[in-house]
Structure formats: C-alpha cells, structure tokens
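Coordinates from entry_21.txt are shown below (compact mmCIF, C-alpha atoms).
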# COMPACT_ATOMS: atom_id res chain seq x y z
CA MET H 1 -13.60 27.01 45.90
CA SER H 2 -12.66 24.33 43.40
CA SER H 3 -10.86 25.24 40.23
CA SER H 4 -12.74 24.97 37.00
CA PRO H 5 -11.57 22.44 34.39
CA LEU H 6 -10.75 25.33 32.06
CA SER H 7 -8.23 26.84 34.45
CA ALA H 8 -6.33 23.59 35.03
CA PRO H 9 -2.94 23.33 33.35
CA SER H 10 -3.15 21.57 30.02
CA PRO H 11 -1.52 18.16 29.84
CA SER H 12 1.39 17.43 27.59
CA PRO H 13 0.46 16.74 23.95
CA VAL H 14 2.16 13.36 24.37
CA ALA H 15 -0.63 12.35 26.75
CA TYR H 16 -3.09 12.46 23.86
CA ARG H 17 -1.11 10.46 21.30
CA LEU H 18 -3.03 7.41 20.21
CA PRO H 19 -1.15 4.37 19.01
CA LEU H 20 -1.75 3.52 15.36
CA SER H 21 -2.64 -0.08 14.67
CA PRO H 22 -0.08 -2.04 12.62
CA ARG H 23 -3.08 -3.87 11.14
CA VAL H 24 -3.85 -0.69 9.16
CA PRO H 25 -0.66 -0.10 7.17
CA LEU H 26 -1.79 3.07 5.37
CA VAL H 27 -3.62 6.03 6.90
CA LYS H 28 -5.23 9.19 5.57
CA LEU H 29 -4.11 12.77 6.07
CA ASP H 30 -6.59 13.38 8.91
CA THR H 31 -4.95 10.60 10.94
CA VAL H 32 -1.52 12.21 10.45
CA ILE H 33 -2.99 15.55 11.50
CA ALA H 34 -4.34 13.94 14.69
CA ALA H 35 -1.07 12.10 15.38
CA ARG H 36 1.09 15.19 14.87
CA GLY H 37 -1.24 17.97 16.01
CA GLU H 38 -0.39 19.99 12.91
CA ASN H 39 -2.64 21.27 10.14
CA SER H 40 -2.80 19.83 6.63
CA GLN H 41 -0.61 22.54 5.09
CA ILE H 42 2.22 21.78 7.52
CA ILE H 43 1.89 18.02 6.97
CA GLU H 44 1.97 18.53 3.20
CA LYS H 45 5.12 20.66 3.61
CA HIS H 46 6.69 17.74 5.51
CA VAL H 47 5.81 15.53 2.53
CA ASP H 48 7.10 18.00 -0.06
CA ARG H 49 10.35 18.47 1.88
CA GLY H 50 10.91 14.71 2.26
CA ARG H 51 10.40 14.54 6.03
CA LEU H 52 7.62 12.01 5.33
CA CYS H 53 8.79 9.90 2.42
CA TRP H 54 6.49 6.85 2.30
CA VAL H 55 3.43 8.68 1.01
CA PHE H 56 1.18 7.46 -1.79
CA ASN H 57 -1.29 9.45 -3.88
CA VAL H 58 -4.37 7.25 -4.43
CA SER H 59 -6.36 9.93 -6.23
CA VAL H 60 -8.37 8.80 -9.24
CA LYS H 61 -6.67 11.61 -11.18
CA PRO H 62 -3.08 11.67 -9.86
CA LYS H 63 -2.27 14.92 -11.68
CA GLY H 64 -5.12 16.71 -9.89
CA ILE H 65 -5.92 17.04 -6.21
CA ARG H 66 -3.84 14.68 -4.10
CA ASP H 67 -5.49 12.02 -1.97
CA LEU H 68 -2.59 10.94 0.21
CA ARG H 69 -2.00 7.75 2.18
CA PHE H 70 0.83 7.55 4.69
CA TRP H 71 2.68 4.46 5.92
CA THR H 72 1.55 3.93 9.52
CA ARG H 73 5.00 2.90 10.76
CA GLU H 74 6.52 6.15 9.50
CA VAL H 75 3.67 8.26 10.91
CA SER H 76 4.06 6.65 14.35
CA ALA H 77 7.82 7.28 14.43
CA PHE H 78 7.37 10.82 13.08
CA ALA H 79 4.69 11.68 15.63
CA ALA H 80 6.80 10.35 18.50
CA ALA H 81 9.99 12.01 17.15
CA GLN H 82 11.84 8.69 17.18
CA ARG H 83 14.90 9.78 15.20
CA ASP H 84 16.64 6.39 14.99
CA GLU H 85 13.45 4.64 13.86
CA LEU H 86 12.76 7.40 11.33
CA ALA H 87 16.29 7.13 9.92
CA ALA H 88 15.84 3.37 9.43
CA ILE H 89 12.43 3.91 7.83
CA HIS H 90 13.77 6.54 5.45
CA ALA H 91 16.67 4.28 4.50
CA ALA H 92 14.38 1.34 3.69
CA ASP H 93 14.00 0.19 0.10
CA VAL H 94 10.68 0.17 -1.75
CA ARG H 95 10.46 -3.63 -1.83
CA SER H 96 10.74 -4.03 1.95
CA VAL H 97 8.23 -1.24 2.63
CA LEU H 98 5.72 -2.74 0.18
CA ASN H 99 6.22 -6.14 1.83
CA GLU H 100 5.31 -4.63 5.20
CA ILE H 101 2.32 -2.81 3.73
CA LEU H 102 0.99 -5.74 1.71
CA GLY H 103 1.97 -8.67 3.91
CA ASP H 104 2.32 -12.11 2.36
CA ARG H 105 -0.95 -12.33 0.43
CA GLU H 106 -0.99 -12.93 -3.32
CA GLU H 107 -4.61 -11.91 -3.99
CA TYR H 108 -6.93 -9.33 -2.51
CA GLN H 109 -10.70 -9.04 -2.51
CA PRO H 110 -12.30 -5.63 -3.25
CA GLY H 111 -13.11 -5.03 0.44
CA ASP H 112 -9.47 -5.70 1.35
CA ILE H 113 -8.27 -3.13 -1.20
CA CYS H 114 -10.77 -0.55 0.07
CA LEU H 115 -9.57 -1.07 3.64
CA LEU H 116 -5.90 -1.04 2.68
CA LEU H 117 -6.11 2.13 0.59
CA GLY H 118 -8.81 3.82 2.64
CA ILE H 119 -11.07 4.21 -0.38
CA ARG H 120 -14.73 3.52 -1.14
CA ARG H 121 -16.06 1.06 -3.71
CA PRO H 122 -16.85 3.74 -6.36
CA THR H 123 -13.21 4.87 -6.19
CA LEU H 124 -12.04 1.26 -6.45
CA ARG H 125 -14.11 0.85 -9.61
CA GLN H 126 -12.38 3.90 -11.10
CA LEU H 127 -8.93 2.56 -10.17
CA ARG H 128 -9.70 -1.01 -11.26
CA ARG H 129 -7.79 -0.91 -14.56
CA GLU H 130 -4.71 0.67 -12.96
CA LEU H 131 -4.79 -1.90 -10.13
CA LEU H 132 -4.72 -4.65 -12.78
CA ALA H 133 -7.71 -6.61 -11.55
CA THR H 134 -7.34 -10.25 -12.60
CA ARG H 135 -11.01 -11.15 -12.26
CA GLN H 136 -14.10 -9.19 -11.37
CA SER H 137 -13.64 -9.86 -7.67
CA CYS H 138 -9.88 -10.29 -7.31
CA PHE H 139 -6.76 -8.12 -7.40
CA SER H 140 -3.24 -9.51 -7.63
CA ARG H 141 -0.38 -8.50 -5.38
CA ALA H 142 1.70 -7.68 -8.46
CA GLY H 143 -0.90 -5.20 -9.69
CA LEU H 144 -1.14 -3.59 -6.27
CA GLU H 145 2.66 -3.35 -5.98
CA GLN H 146 2.88 -1.65 -9.38
CA PHE H 147 0.10 0.75 -8.42
CA LEU H 148 1.81 1.73 -5.15
CA LYS H 149 5.20 2.15 -6.85
CA ARG H 150 3.65 4.48 -9.44
CA ARG H 151 1.75 6.40 -6.79
CA LEU H 152 4.68 6.83 -4.38
CA LEU H 153 5.53 10.54 -4.06
CA GLN H 154 9.21 11.12 -4.57
Can the structure from this file be put into structure tokens for me?
Amino acid sequence: MSSSPLSAPSPSPVAYRLPLSPRVPLVKLDTVIAARGENSQIIEKHVDRGRLCWVFNVSVKPKGIRDLRFWTREVSAFAAAQRDELAAIHAADVRSVLNEILGDREEYQPGDICLLLGIRRPTLRQLRRELLATRQSCFSRAGLEQFLKRRLLQ
C-alpha cells in the first residue's frame, strides 16, 4: 500500500523559500510573511524592535494605519538568517540604502513610482504633493528621496 501525500514527512521550510528579485527593491508585508513564514503581528514586532530596520510607511495618512514597505535585500537576508549580511545591512547609512532602492535615475514616471512603492494610481494621486511632483507626469529623485527619508520607521 502506498503512503498518502498527507502522511509523508514535511520538507524543511527552507525548501519553500522563494528568492526575491533585486529588480523589486521594496516589498509589501505579505511578501515578508511569505518569506519568513510568520504572521503579520510577529513581523510588525520585528519592525518595532529594530530587527527589520529599513521599513517605510507609505500610507496616505502616516499617523493612521501603517502601510509598510520593506527593503528586499534586508528581507532576503532576514528570511535566510544570514547574520553577517544582516549586520552589514543594519550598519548601512540612509544614503547608500536609498541609492540601492532608487538606482541611478533622476526622474520617475507615475507607473515607475507605483511599481517601486507597491501602490495604485489613486494612492499616488494622494501622495503627489508629498512626493514633490515636478510636472503632471514626472517625479524627481530628490522628491522621492525626501519622501522615503520622512517615511522611514526609526
């Protein structure tokens, strides 16, 4: 008699870890939950205790409910328990982290901002003034840097 799939030993959680693309520098809470296998309350405790330090609140109302974005490089190292990599990431300065997140571009189109921040167009319209849009269809790197610095949880 063959064994049923339910009675087979479960594989290591490491077997299910998916690599996060470096092309997506910021990810949402649900991605961190999937990478870590922990619920949102535990992940938020990691944030509040400083175990995840490169976290940005992109909520339209930052004093209200948090809408968090996590730096992919930190999430990957945290999920894989890479202590040396995590130590280097936590020691990094804001300027170098923002350079990795934003790349070398000086201007961003609305679709680029939506992809980067993981937001929809209506949210972008609400954040437009804070992101310091230079024209109707363009956002400057400087405005985006200022936004991310203000929205970094510390």
Residues of region 47-93 of chain H at most 9 Å from region 144-154 of chain H: nearest atom pair and distance in Å, all atoms listed in the file, as JSON lines:
{"residue": "H:Val47", "atom": "CA", "partner": "H:Leu153", "partner_atom": "CA", "distance": 8.3}
{"residue": "H:Asp48", "atom": "CA", "partner": "H:Gln154", "partner_atom": "CA", "distance": 8.5}
{"residue": "H:Gly50", "atom": "CA", "partner": "H:Gln154", "partner_atom": "CA", "distance": 7.9}
{"residue": "H:Cys53", "atom": "CA", "partner": "H:Gln154", "partner_atom": "CA", "distance": 7.1}
{"residue": "H:Trp54", "atom": "CA", "partner": "H:Leu152", "partner_atom": "CA", "distance": 6.9}
{"residue": "H:Val55", "atom": "CA", "partner": "H:Leu153", "partner_atom": "CA", "distance": 5.8}
{"residue": "H:Phe56", "atom": "CA", "partner": "H:Leu152", "partner_atom": "CA", "distance": 4.4}
{"residue": "H:Asn57", "atom": "CA", "partner": "H:Arg151", "partner_atom": "CA", "distance": 5.2}
{"residue": "H:Val58", "atom": "CA", "partner": "H:Arg151", "partner_atom": "CA", "distance": 6.6}
{"residue": "H:Ser59", "atom": "CA", "partner": "H:Arg151", "partner_atom": "CA", "distance": 8.9}
{"residue": "H:Pro62", "atom": "CA", "partner": "H:Arg151", "partner_atom": "CA", "distance": 7.8}
Close residues, Leu20 (chain H) itself excluded, 12 Å, only C-alpha atoms, min 2 positions apart in chain, as a list in words:
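Near Leu20 (chain H), the qualifying residues are Arg17, Leu18, Pro22, Arg23, Val24, Pro25, Leu26, Val27, Lys28, Thr31, Val32, Ala34, Ala35, Phe70, Trp71, Thr72, Arg73, Glu74, Val75, Ser76, Ala77, Phe78, Ala79 and Ala80 of chain H.
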Could you tell me how far CA of Arg120 (chain H) sits from CA of Glu38 (chain H), in Å to one decimal place?
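Interatomic distance, CA of Glu38 (chain H) to CA of Arg120 (chain H): 26.0 Å.
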From H:Asn39, H:Ser21, H:Ser140, H:Thr123, residue lying nearest Asp104 (chain H) [only C-alpha atoms]
H:Ser140
When distances are computed from all atoms listed in the file, which of H:Arg51, H:Lys61, H:Arg141, H:Arg121 shows the smallest separation from Ala87 (chain H)?
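Nearest to Ala87 (chain H): H:Arg51.
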Gap from CA of Ala142 (chain H) to CA of Arg49 (chain H) - Å, one decimal:
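For CA of Ala142 (chain H) relative to CA of Arg49 (chain H), the distance reads 29.4 Å.
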Just to confirm, what's the straight-line distance from CA of Leu86 (chain H) to CA of Glu106 (chain H) in Å (one decimal)?
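Here the two named atoms are 28.6 Å from each other.
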For Arg125 (chain H), please output as a list in words all residues within 12 Å (counting all atoms listed in the file; exclusion window: fewer than 5 positions along the same chain).
Val60, Pro110, Gly111, Ile113, Cys114, Ile119, Arg120, Glu130, Leu131, Leu132, Ala133, Gln136, Ser137 and Phe139 of chain H
Of the residues H:Arg69, H:Glu85, H:Arg129, H:Lys63, which is the one nearest to Ile43 (chain H), using only C-alpha atoms?
H:Arg69
